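See below for work_13.txt, which holds compact mmCIF, C-alpha atoms and all ligand atoms.
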```
# COMPACT_ATOMS: atom_id res chain seq x y z
CA MET A 1 5.59 -23.50 -9.88
CA GLU A 2 2.56 -23.03 -12.07
CA THR A 3 2.49 -21.33 -15.45
CA ARG A 4 -0.53 -20.13 -17.42
CA THR A 5 -0.91 -18.28 -20.68
CA VAL A 6 -3.54 -15.64 -21.48
CA PHE A 7 -4.44 -15.58 -17.82
CA SER A 8 -7.22 -13.37 -16.44
CA LEU A 9 -6.03 -11.11 -13.64
CA SER A 10 -9.49 -9.91 -12.59
CA ALA A 11 -9.33 -11.97 -9.38
CA TYR A 12 -5.78 -10.73 -8.77
CA ASN A 13 -6.43 -7.01 -8.54
CA THR A 14 -8.66 -5.42 -5.92
CA PHE A 15 -10.18 -3.01 -8.46
CA HIS A 16 -11.50 -6.24 -10.05
CA VAL A 17 -10.89 -4.92 -13.56
CA GLU A 18 -10.49 -7.34 -16.41
CA ALA A 19 -6.95 -7.71 -17.77
CA ALA A 20 -5.26 -10.74 -19.27
CA ALA A 21 -1.57 -11.46 -18.83
CA ASP A 22 0.27 -13.04 -21.77
CA ARG A 23 1.88 -15.26 -19.19
CA TYR A 24 1.42 -15.77 -15.47
CA VAL A 25 3.86 -17.69 -13.27
CA ARG A 26 3.11 -18.56 -9.65
CA PHE A 27 5.93 -19.52 -7.26
CA GLY A 28 5.77 -21.41 -3.97
CA SER A 29 9.40 -20.99 -2.92
CA ALA A 30 12.50 -18.86 -3.46
CA GLU A 31 14.16 -21.85 -5.10
CA GLU A 32 11.40 -22.02 -7.73
CA ILE A 33 11.99 -18.36 -8.51
CA ILE A 34 15.73 -18.84 -8.87
CA ASP A 35 15.12 -21.88 -11.07
CA PHE A 36 12.76 -19.95 -13.31
CA LEU A 37 15.14 -16.98 -13.62
CA GLY A 38 17.89 -19.39 -14.64
CA ARG A 39 15.94 -20.27 -17.77
CA ASN A 40 16.19 -16.69 -19.06
CA GLU A 41 12.53 -16.74 -20.02
CA LEU A 42 12.09 -13.13 -18.92
CA ASP A 43 14.53 -11.87 -21.55
CA GLY A 44 12.90 -9.34 -23.82
CA HIS A 45 9.57 -9.44 -21.97
CA ARG A 46 7.81 -6.92 -19.79
CA ARG A 47 7.47 -8.24 -16.28
CA LEU A 48 5.39 -7.40 -13.25
CA VAL A 49 5.81 -8.76 -9.74
CA LEU A 50 2.35 -9.17 -8.25
CA GLY A 51 1.49 -9.13 -4.56
CA ALA A 52 -2.16 -9.11 -3.56
CA GLY A 53 -2.95 -6.63 -6.36
CA SER A 54 -4.28 -4.11 -3.86
CA ASN A 55 -2.33 -1.13 -5.08
CA LEU A 56 -2.42 -1.32 -8.84
CA LEU A 57 -4.66 -0.52 -11.76
CA PHE A 58 -4.47 -2.48 -15.01
CA VAL A 59 -5.39 -0.17 -17.87
CA ASP A 60 -5.10 -2.86 -20.51
CA ASP A 61 -4.17 -6.48 -20.98
CA PHE A 62 -0.64 -7.09 -19.75
CA ASP A 63 1.58 -8.04 -22.68
CA GLY A 64 4.30 -9.56 -20.57
CA ILE A 65 4.98 -12.00 -17.75
CA VAL A 66 3.35 -11.67 -14.36
CA LEU A 67 5.49 -13.13 -11.57
CA HIS A 68 3.46 -14.07 -8.52
CA PRO A 69 5.43 -15.16 -5.46
CA LEU A 70 2.96 -16.90 -3.15
CA LEU A 71 5.52 -17.85 -0.55
CA LYS A 72 3.91 -18.64 2.81
CA GLY A 73 5.21 -18.92 6.33
CA ILE A 74 5.61 -16.90 9.51
CA ASP A 75 8.32 -17.73 12.06
CA VAL A 76 9.76 -16.17 15.17
CA ILE A 77 13.47 -16.21 14.43
CA GLU A 78 14.90 -14.35 17.41
CA ALA A 79 13.81 -12.92 20.72
CA ASP A 80 15.29 -11.03 23.62
CA ARG A 81 13.82 -9.35 26.69
CA ARG A 82 12.51 -6.38 24.71
CA HIS A 83 12.03 -7.53 21.13
CA ILE A 84 10.77 -10.30 18.91
CA TRP A 85 11.96 -10.79 15.35
CA ILE A 86 9.36 -12.29 13.03
CA ARG A 87 10.19 -13.47 9.54
CA ALA A 88 7.16 -13.52 7.26
CA LEU A 89 7.28 -14.74 3.69
CA ALA A 90 6.16 -12.33 0.99
CA GLY A 91 2.91 -14.08 0.06
CA GLU A 92 1.42 -13.98 3.56
CA ASN A 93 -1.63 -11.79 3.97
CA TRP A 94 -0.63 -8.58 5.74
CA ASP A 95 -3.55 -8.47 8.14
CA ASP A 96 -3.04 -12.12 9.16
CA LEU A 97 0.43 -11.10 10.30
CA VAL A 98 -0.99 -8.15 12.27
CA ALA A 99 -3.58 -10.41 13.92
CA TYR A 100 -0.85 -12.92 14.83
CA ALA A 101 1.39 -10.21 16.34
CA VAL A 102 -1.45 -8.63 18.30
CA SER A 103 -2.68 -11.96 19.66
CA ASN A 104 0.82 -12.66 20.97
CA GLY A 105 1.15 -9.22 22.55
CA TRP A 106 3.88 -8.04 20.17
CA ALA A 107 3.59 -4.35 19.36
CA GLY A 108 4.44 -2.15 16.41
CA ILE A 109 2.01 -2.98 13.62
CA GLU A 110 -1.39 -2.83 15.36
CA ASN A 111 -2.17 0.59 13.82
CA LEU A 112 -1.70 -1.03 10.40
CA SER A 113 -4.63 -3.42 10.98
CA LEU A 114 -6.85 -4.34 8.04
CA ILE A 115 -4.67 -2.82 5.33
CA PRO A 116 -5.27 -5.01 2.29
CA GLY A 117 -2.22 -6.56 0.68
CA SER A 118 0.65 -8.97 1.12
CA VAL A 119 3.66 -8.89 3.42
CA GLY A 120 6.00 -8.41 0.45
CA ALA A 121 4.07 -5.37 -0.74
CA SER A 122 4.08 -3.87 2.75
CA ALA A 123 7.80 -3.21 2.33
CA VAL A 124 7.63 -2.20 -1.32
CA GLN A 125 4.95 0.35 -0.55
CA ASN A 126 6.02 1.28 3.00
CA ILE A 127 2.39 0.98 4.05
CA GLY A 128 1.17 3.43 6.64
CA ALA A 129 -1.94 4.42 8.55
CA TYR A 130 -3.05 6.13 11.74
CA GLY A 131 0.36 7.48 12.71
CA THR A 132 2.50 4.42 11.90
CA GLU A 133 4.56 3.40 8.89
CA VAL A 134 5.87 -0.12 8.45
CA LYS A 135 9.44 1.12 7.87
CA GLY A 136 9.68 1.70 11.62
CA VAL A 137 9.56 -2.04 12.34
CA ILE A 138 11.33 -3.50 9.30
CA ASP A 139 14.58 -5.12 10.37
CA ARG A 140 15.51 -6.39 6.90
CA VAL A 141 14.05 -7.36 3.56
CA GLU A 142 14.98 -10.56 1.78
CA ALA A 143 14.80 -10.56 -2.00
CA ILE A 144 16.10 -12.21 -5.13
CA SER A 145 17.98 -10.12 -7.64
CA ILE A 146 16.44 -10.78 -11.05
CA GLU A 147 19.73 -10.04 -12.77
CA SER A 148 22.12 -12.12 -10.65
CA ARG A 149 19.53 -14.72 -9.52
CA LYS A 150 21.06 -14.45 -6.04
CA LYS A 151 19.36 -14.03 -2.70
CA VAL A 152 20.09 -10.66 -1.13
CA THR A 153 19.31 -9.16 2.26
CA LEU A 154 18.61 -5.45 2.33
CA LEU A 155 18.78 -3.37 5.49
CA PRO A 156 16.12 -0.67 5.94
CA GLY A 157 18.66 2.16 5.62
CA ALA A 158 19.36 1.04 2.06
CA CYS A 159 15.73 0.61 0.99
CA GLY A 160 14.88 4.30 0.49
CA PHE A 161 11.69 4.14 2.52
CA GLY A 162 9.55 7.26 2.25
CA TYR A 163 5.90 8.20 2.32
CA ARG A 164 4.22 5.25 0.52
CA THR A 165 7.42 4.48 -1.35
CA SER A 166 10.77 2.69 -1.35
CA HIS A 167 13.54 1.96 -3.86
CA PHE A 168 11.58 -1.22 -4.76
CA LYS A 169 9.03 1.10 -6.39
CA GLY A 170 11.59 3.61 -7.59
CA ARG A 171 15.18 3.11 -8.71
CA TRP A 172 15.05 -0.68 -8.10
CA ALA A 173 11.71 -1.22 -9.87
CA GLY A 174 11.91 -4.53 -11.73
CA ALA A 175 15.27 -5.43 -10.16
CA PHE A 176 14.19 -7.52 -7.17
CA ILE A 177 11.54 -9.99 -6.14
CA VAL A 178 10.88 -9.57 -2.42
CA THR A 179 10.64 -13.01 -0.79
CA ALA A 180 10.44 -12.25 2.94
CA VAL A 181 10.43 -9.42 5.45
CA VAL A 182 11.83 -9.58 8.97
CA PHE A 183 10.00 -7.37 11.46
CA LYS A 184 11.36 -6.31 14.84
CA LEU A 185 8.42 -5.98 17.21
CA ASP A 186 8.27 -4.76 20.79
CA ARG A 187 7.27 -6.71 23.86
CA GLN A 188 6.66 -3.36 25.62
CA PRO A 189 4.02 -1.53 23.61
CA ALA A 190 4.42 2.19 22.95
CA PHE A 191 0.88 2.96 21.87
CA VAL A 192 0.46 5.42 18.99
CA LEU A 193 -2.87 7.13 19.58
CA ASP A 194 -2.39 10.70 18.37
CA TYR A 195 -4.06 10.34 14.96
CA PRO A 196 -7.40 12.23 15.14
CA GLY A 197 -10.16 9.99 16.43
CA VAL A 198 -8.01 6.99 17.36
CA LYS A 199 -7.67 7.58 21.11
CA ALA A 200 -11.40 8.20 21.56
CA ALA A 201 -12.30 5.09 19.54
CA VAL A 202 -9.94 2.97 21.66
CA GLN A 203 -11.20 4.44 24.95
CA ASP A 204 -14.77 3.63 23.90
CA LEU A 205 -13.71 -0.02 23.99
CA GLY A 206 -12.56 0.20 27.62
CA SER A 207 -8.87 -0.26 28.32
CA ILE A 208 -6.03 0.61 25.98
CA ASN A 209 -4.17 -2.44 24.77
CA LEU A 210 -3.06 -3.96 21.47
CA GLN A 211 -6.39 -5.76 20.99
CA THR A 212 -8.53 -2.67 21.55
CA ILE A 213 -6.28 -0.60 19.29
CA ARG A 214 -6.63 -3.21 16.56
CA GLN A 215 -10.39 -3.33 17.06
CA ALA A 216 -10.72 0.48 16.97
CA ILE A 217 -8.60 0.80 13.82
CA ILE A 218 -10.66 -1.91 12.13
CA SER A 219 -13.89 -0.07 13.00
CA ILE A 220 -12.55 3.28 11.78
CA ARG A 221 -11.44 1.73 8.49
CA GLN A 222 -14.68 -0.15 8.02
CA GLU A 223 -16.67 3.04 8.56
CA LYS A 224 -14.78 5.04 5.95
CA LEU A 225 -13.14 2.70 3.49
CA PRO A 226 -14.92 0.35 1.11
CA ASP A 227 -14.13 -3.37 1.48
CA PRO A 228 -12.38 -4.44 -1.74
CA ALA A 229 -14.20 -7.79 -1.52
CA GLN A 230 -17.49 -5.90 -1.96
CA VAL A 231 -16.55 -2.86 -4.04
CA GLY A 232 -13.46 -2.80 -6.26
CA ASN A 233 -10.90 -0.25 -5.03
CA ALA A 234 -7.23 0.11 -4.17
CA GLY A 235 -7.41 2.34 -1.08
CA SER A 236 -6.15 5.88 -1.54
CA PHE A 237 -5.70 6.45 -5.25
CA PHE A 238 -3.56 9.56 -4.67
CA LYS A 239 -0.92 10.49 -2.14
CA ASN A 240 -1.44 13.42 0.15
CA PRO A 241 0.71 16.18 -1.37
CA VAL A 242 3.65 17.49 0.63
CA ILE A 243 4.36 21.19 0.12
CA GLU A 244 6.60 23.95 1.51
CA GLY A 245 5.64 26.56 4.07
CA ASN A 246 5.41 29.50 1.66
CA THR A 247 3.06 27.58 -0.67
CA LEU A 248 0.97 26.64 2.36
CA THR A 249 0.75 30.26 3.53
CA ARG A 250 -0.49 31.31 0.09
CA LEU A 251 -3.03 28.48 -0.07
CA CYS A 252 -4.33 29.11 3.46
CA GLN A 253 -5.05 32.74 2.57
CA ARG A 254 -7.48 31.52 -0.07
CA PHE A 255 -8.64 28.36 1.75
CA PRO A 256 -8.41 28.95 5.51
CA ALA A 257 -9.96 25.55 6.34
CA LEU A 258 -7.35 23.57 4.34
CA PRO A 259 -6.25 20.66 6.57
CA HIS A 260 -2.45 20.46 6.82
CA TYR A 261 0.01 18.51 8.94
CA PRO A 262 3.62 19.59 9.69
CA GLN A 263 6.22 17.06 8.49
CA GLY A 264 9.31 18.85 9.85
CA SER A 265 11.80 21.10 8.00
CA ASP A 266 9.23 23.43 6.43
CA GLN A 267 7.22 20.58 4.87
CA PHE A 268 3.46 20.20 5.24
CA LYS A 269 1.18 17.38 4.16
CA LEU A 270 -2.20 18.39 2.74
CA ALA A 271 -5.36 16.29 2.83
CA ALA A 272 -5.99 15.42 -0.82
CA GLY A 273 -9.39 13.93 0.12
CA TRP A 274 -10.50 17.31 1.44
CA MET A 275 -9.37 19.08 -1.74
CA ILE A 276 -11.17 16.55 -3.96
CA GLU A 277 -14.31 16.98 -1.87
CA GLN A 278 -14.06 20.80 -2.20
CA CYS A 279 -13.97 20.36 -5.97
CA GLY A 280 -17.33 18.62 -5.77
CA TRP A 281 -16.05 15.19 -6.80
CA LYS A 282 -16.87 13.22 -3.63
CA GLY A 283 -19.46 10.56 -4.47
CA LYS A 284 -19.50 11.54 -8.18
CA ARG A 285 -19.95 8.77 -10.68
CA VAL A 286 -18.67 8.59 -14.25
CA GLY A 287 -19.92 5.48 -16.00
CA LYS A 288 -19.13 2.49 -13.81
CA ALA A 289 -16.37 4.23 -11.88
CA ALA A 290 -16.85 6.64 -8.99
CA VAL A 291 -15.22 8.68 -6.27
CA HIS A 292 -16.14 6.99 -2.99
CA HIS A 293 -18.94 8.76 -1.14
CA GLN A 294 -17.23 8.56 2.28
CA GLN A 295 -13.57 9.03 1.39
CA ALA A 296 -12.80 11.09 -1.71
CA LEU A 297 -9.22 9.78 -1.97
CA VAL A 298 -10.60 6.39 -2.92
CA LEU A 299 -11.84 5.58 -6.41
CA VAL A 300 -14.18 2.64 -6.81
CA ASN A 301 -15.32 0.23 -9.48
CA LEU A 302 -19.10 0.11 -9.13
CA GLY A 303 -19.11 -3.09 -11.19
CA GLY A 304 -17.83 -3.72 -14.68
CA ALA A 305 -15.65 -0.61 -14.97
CA THR A 306 -12.57 -0.92 -17.14
CA GLY A 307 -9.16 0.11 -15.91
CA ARG A 308 -9.18 2.87 -18.52
CA GLU A 309 -12.47 4.28 -17.17
CA ILE A 310 -11.02 4.43 -13.67
CA LEU A 311 -7.84 6.06 -14.97
CA GLU A 312 -9.88 8.64 -16.89
CA LEU A 313 -11.90 9.42 -13.78
CA SER A 314 -8.66 9.88 -11.82
CA GLU A 315 -7.40 12.31 -14.46
CA GLN A 316 -10.56 14.39 -14.24
CA VAL A 317 -10.24 14.48 -10.46
CA SER A 318 -6.60 15.58 -10.52
CA GLU A 319 -7.34 18.21 -13.18
CA ALA A 320 -10.06 19.66 -10.96
CA VAL A 321 -7.71 19.80 -7.96
CA HIS A 322 -5.00 21.38 -10.05
CA GLU A 323 -7.35 24.01 -11.42
CA ARG A 324 -8.69 24.99 -8.01
CA PHE A 325 -5.64 24.61 -5.76
CA GLY A 326 -2.70 24.66 -8.19
CA ILE A 327 -1.55 21.36 -6.67
CA GLU A 328 -0.50 18.37 -8.78
CA LEU A 329 -1.77 15.14 -7.19
CA GLU A 330 0.61 12.21 -7.38
CA ARG A 331 -0.84 8.72 -7.73
CA GLU A 332 -0.34 6.23 -4.93
CA VAL A 333 -1.71 3.41 -7.05
CA LEU A 334 0.61 1.91 -9.65
CA VAL A 335 -0.97 2.28 -13.08
CA VAL A 336 0.03 -0.63 -15.32
CA PRO A 337 -0.33 0.47 -18.95
N1 LIG B 1 -11.12 14.47 4.27
C1 LIG B 1 -12.19 15.15 3.72
N2 LIG B 1 -12.92 14.52 2.76
C2 LIG B 1 -12.65 13.27 2.34
C3 LIG B 1 -11.56 12.57 2.90
C4 LIG B 1 -10.80 13.20 3.87
O1 LIG B 1 -12.45 16.30 4.06
O2 LIG B 1 -13.38 12.77 1.48
C5 LIG B 1 -10.35 15.12 5.34
C6 LIG B 1 -10.67 14.51 6.71
O3 LIG B 1 -11.80 15.10 7.28
C7 LIG B 1 -9.40 14.81 7.48
C8 LIG B 1 -8.31 14.70 6.42
O4 LIG B 1 -8.97 14.89 5.17
O5 LIG B 1 -9.41 16.13 7.95
C9 LIG B 1 -7.57 13.37 6.46
O6 LIG B 1 -8.52 12.29 6.22
P1 LIG B 1 -8.29 10.80 6.74
O7 LIG B 1 -7.96 10.78 8.19
O8 LIG B 1 -9.43 9.98 6.28
O9 LIG B 1 -6.96 10.32 6.04
P2 LIG B 1 -6.40 10.53 4.55
O10 LIG B 1 -5.29 11.53 4.63
O11 LIG B 1 -7.49 10.82 3.61
C10 LIG B 1 -4.51 8.78 4.85
C11 LIG B 1 -3.97 7.60 4.11
C12 LIG B 1 -4.84 6.38 4.31
C13 LIG B 1 -4.86 6.08 5.80
C14 LIG B 1 -5.37 7.30 6.56
C15 LIG B 1 -5.23 7.14 8.05
C16 LIG B 1 -2.75 8.47 2.20
C17 LIG B 1 -2.71 8.65 0.73
N3 LIG B 1 -3.85 7.90 2.69
O12 LIG B 1 -5.77 9.09 4.27
O13 LIG B 1 -4.20 5.30 3.66
O14 LIG B 1 -5.68 4.96 6.07
O15 LIG B 1 -4.59 8.46 6.22
O16 LIG B 1 -3.88 7.16 8.38
O17 LIG B 1 -1.80 8.82 2.88
C18 LIG B 1 -4.04 4.06 1.62
O18 LIG B 1 -2.85 4.43 1.58
O19 LIG B 1 -4.53 3.33 0.74
C19 LIG B 1 -4.88 4.54 2.71
C20 LIG B 1 -6.19 4.27 2.80
```
Give the structure from the file, written as structure tokens.
Amino acid sequence: METRTVFSLSAYNTFHVEAAADRYVRFGSAEEIIDFLGRNELDGHRRLVLGAGSNLLFVDDFDGIVLHPLLKGIDVIEADRRHIWIRALAGENWDDLVAYAVSNGWAGIENLSLIPGSVGASAVQNIGAYGTEVKGVIDRVEAISIESRKKVTLLPGACGFGYRTSHFKGRWAGAFIVTAVVFKLDRQPAFVLDYPGVKAAVQDLGSINLQTIRQAIISIRQEKLPDPAQVGNAGSFFKNPVIEGNTLTRLCQRFPALPHYPQGSDQFKLAAGWMIEQCGWKGKRVGKAAVHHQQALVLVNLGGATGREILELSEQVSEAVHERFGIELEREVLVVP
């Protein structure tokens, strides 16, 4: 365990904004976490559990305690003829896990290649891309309850997984520290290629297999999405709104080209990036923050932007969308005040 005071978080958030934590505590094992919790040092303090910092925006210094579980390890814990169960500790890099699974021929997460972030956050956020969500392969989540200091195992049915969300972000926020995730992967791949552009990109690489799918997804992402190592960003800043059929019908009368995707039971997902682009915000810069020029759902730090500047830009963008389309955009990124 390592503790620091007045600790700069600029290297610990992919927007690369400056923010200092009153206190920062890094853990290498579940036992260290339990030990720390036993000292009641969190009492009366704000706390934030940090993953890879790829889905949050610090607006200010953090006047509380940042808990950073950097637990590492990936093990195959069970296998049968059809499945492999992999247990990955929360601090592992998500894409390293994908690369490991793909190289062993284990299917289920290849469409989630190159998503920035940690294994722990993958469950908190229910990461998704190109037709797959991680909830489909989560067998269980291991966590520590902050209140009881006990290890708990949570089955996916209890975790409230939804579009880019789970109870860890909602009703359980601040209650658990995720320490490991067990994934159930397939030995027999069922390729998911229906997302627009994916099949063609894979076919361009020759045969369809886990490696070519991973390669194609990586190329698609690299073409559209800025690399957080080069340009500060946190992926999609907003969620794609989900609306009902009658609202869609009304909107389509005014905007016949509005991209929309059926979600079952009279629900439709809209492309927020398209709406932002229609409002003229794609590529627009305000100070040192900007809307990405290739993907309007992504806000970027052009260098030296403050968290507040990025937040203000996001507010201008959502106001514009609301004015034009009457739709309230919901943030995907966690804003830490
Ligand atoms: N579009 C535009 N202009 C833009 C961006 C998008 O017109 O600037 C249109 C596209 O032409 C397309 C539609 O919007 O018709 C959807 O675009 P895209 O396929 O790029 O996906 P997205 O809906 O913008 C979502 C996820 C991404 C994920 C991709 C692929 C959310 C909030 N975002 O983006 O996830 O990679 O689909 O599955 O659901 C993330 O969560 O951080 C993230 C990057």
* To do: May I ask you to write as a list in words all residues lying at most 6 Å from ligand LIG 1 (chain B), with only C-alpha atoms and all ligand atoms counted?
  => Ala129, Tyr130, Gly235, Ser236, Phe238, Lys239, Asn240, Pro259, Ala271, Gly273, Trp274, Glu277, Gln294, Gln295, Ala296 and Leu297 of chain A
* For region 8-21 of chain A, work out the shell of residues within 8 Å, counting only C-alpha atoms and skipping chain neighbours fewer than 2 positions away, then give it as a count of residues only. => 31
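Here CA of Glu41 (chain A) is placed at a distance of 18.0 Å from CA of Gly28 (chain A).
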* Asked: Which value, in Å to one decimal, gives the distance between CA of His293 (chain A) and CA of Cys279 (chain A)?
  -> 13.5 Å
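Taking CA of Glu244 (chain A) and CA of Val291 (chain A) as the two end points, the separation is 27.7 Å.
Closest to His322 (chain A) among A:Val286, A:Leu302, A:Ile276, A:Leu205 is A:Ile276, based on only C-alpha atoms.
Among the candidate residues A:Val321, A:Val336, A:Gly206, A:Ile115, the one lying nearest to Arg47 (chain A) is A:Val336, with distances computed using all atoms listed in the file.
Residue nearest Gly38 (chain A), chosen from A:Glu147, A:Asp186, A:Glu110, A:Asp80 and counting only C-alpha atoms: A:Glu147.
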* **Shell around Ala257 (chain A) at 12 Å using all atoms listed in the file, local window under 5 positions removed, as a ChimeraX atom specification** => /A:248,251-252,270-271,274-275,278
* Asked: If I put a ball of radius 12 Å at (12.3, -11.6, -8.1) in the file's coordinates, which residues poke into it when counting all atoms listed in the file, written as an MDAnalysis selection string?
  -> chainID A and resid 25:27 29:38 42 47:51 66:71 90 120 142:152 168 172:180
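Residue nearest Arg140 (chain A), chosen from A:Ala121, A:Ala200, A:Ile86, A:Ala190 and counting all atoms listed in the file: A:Ile86.
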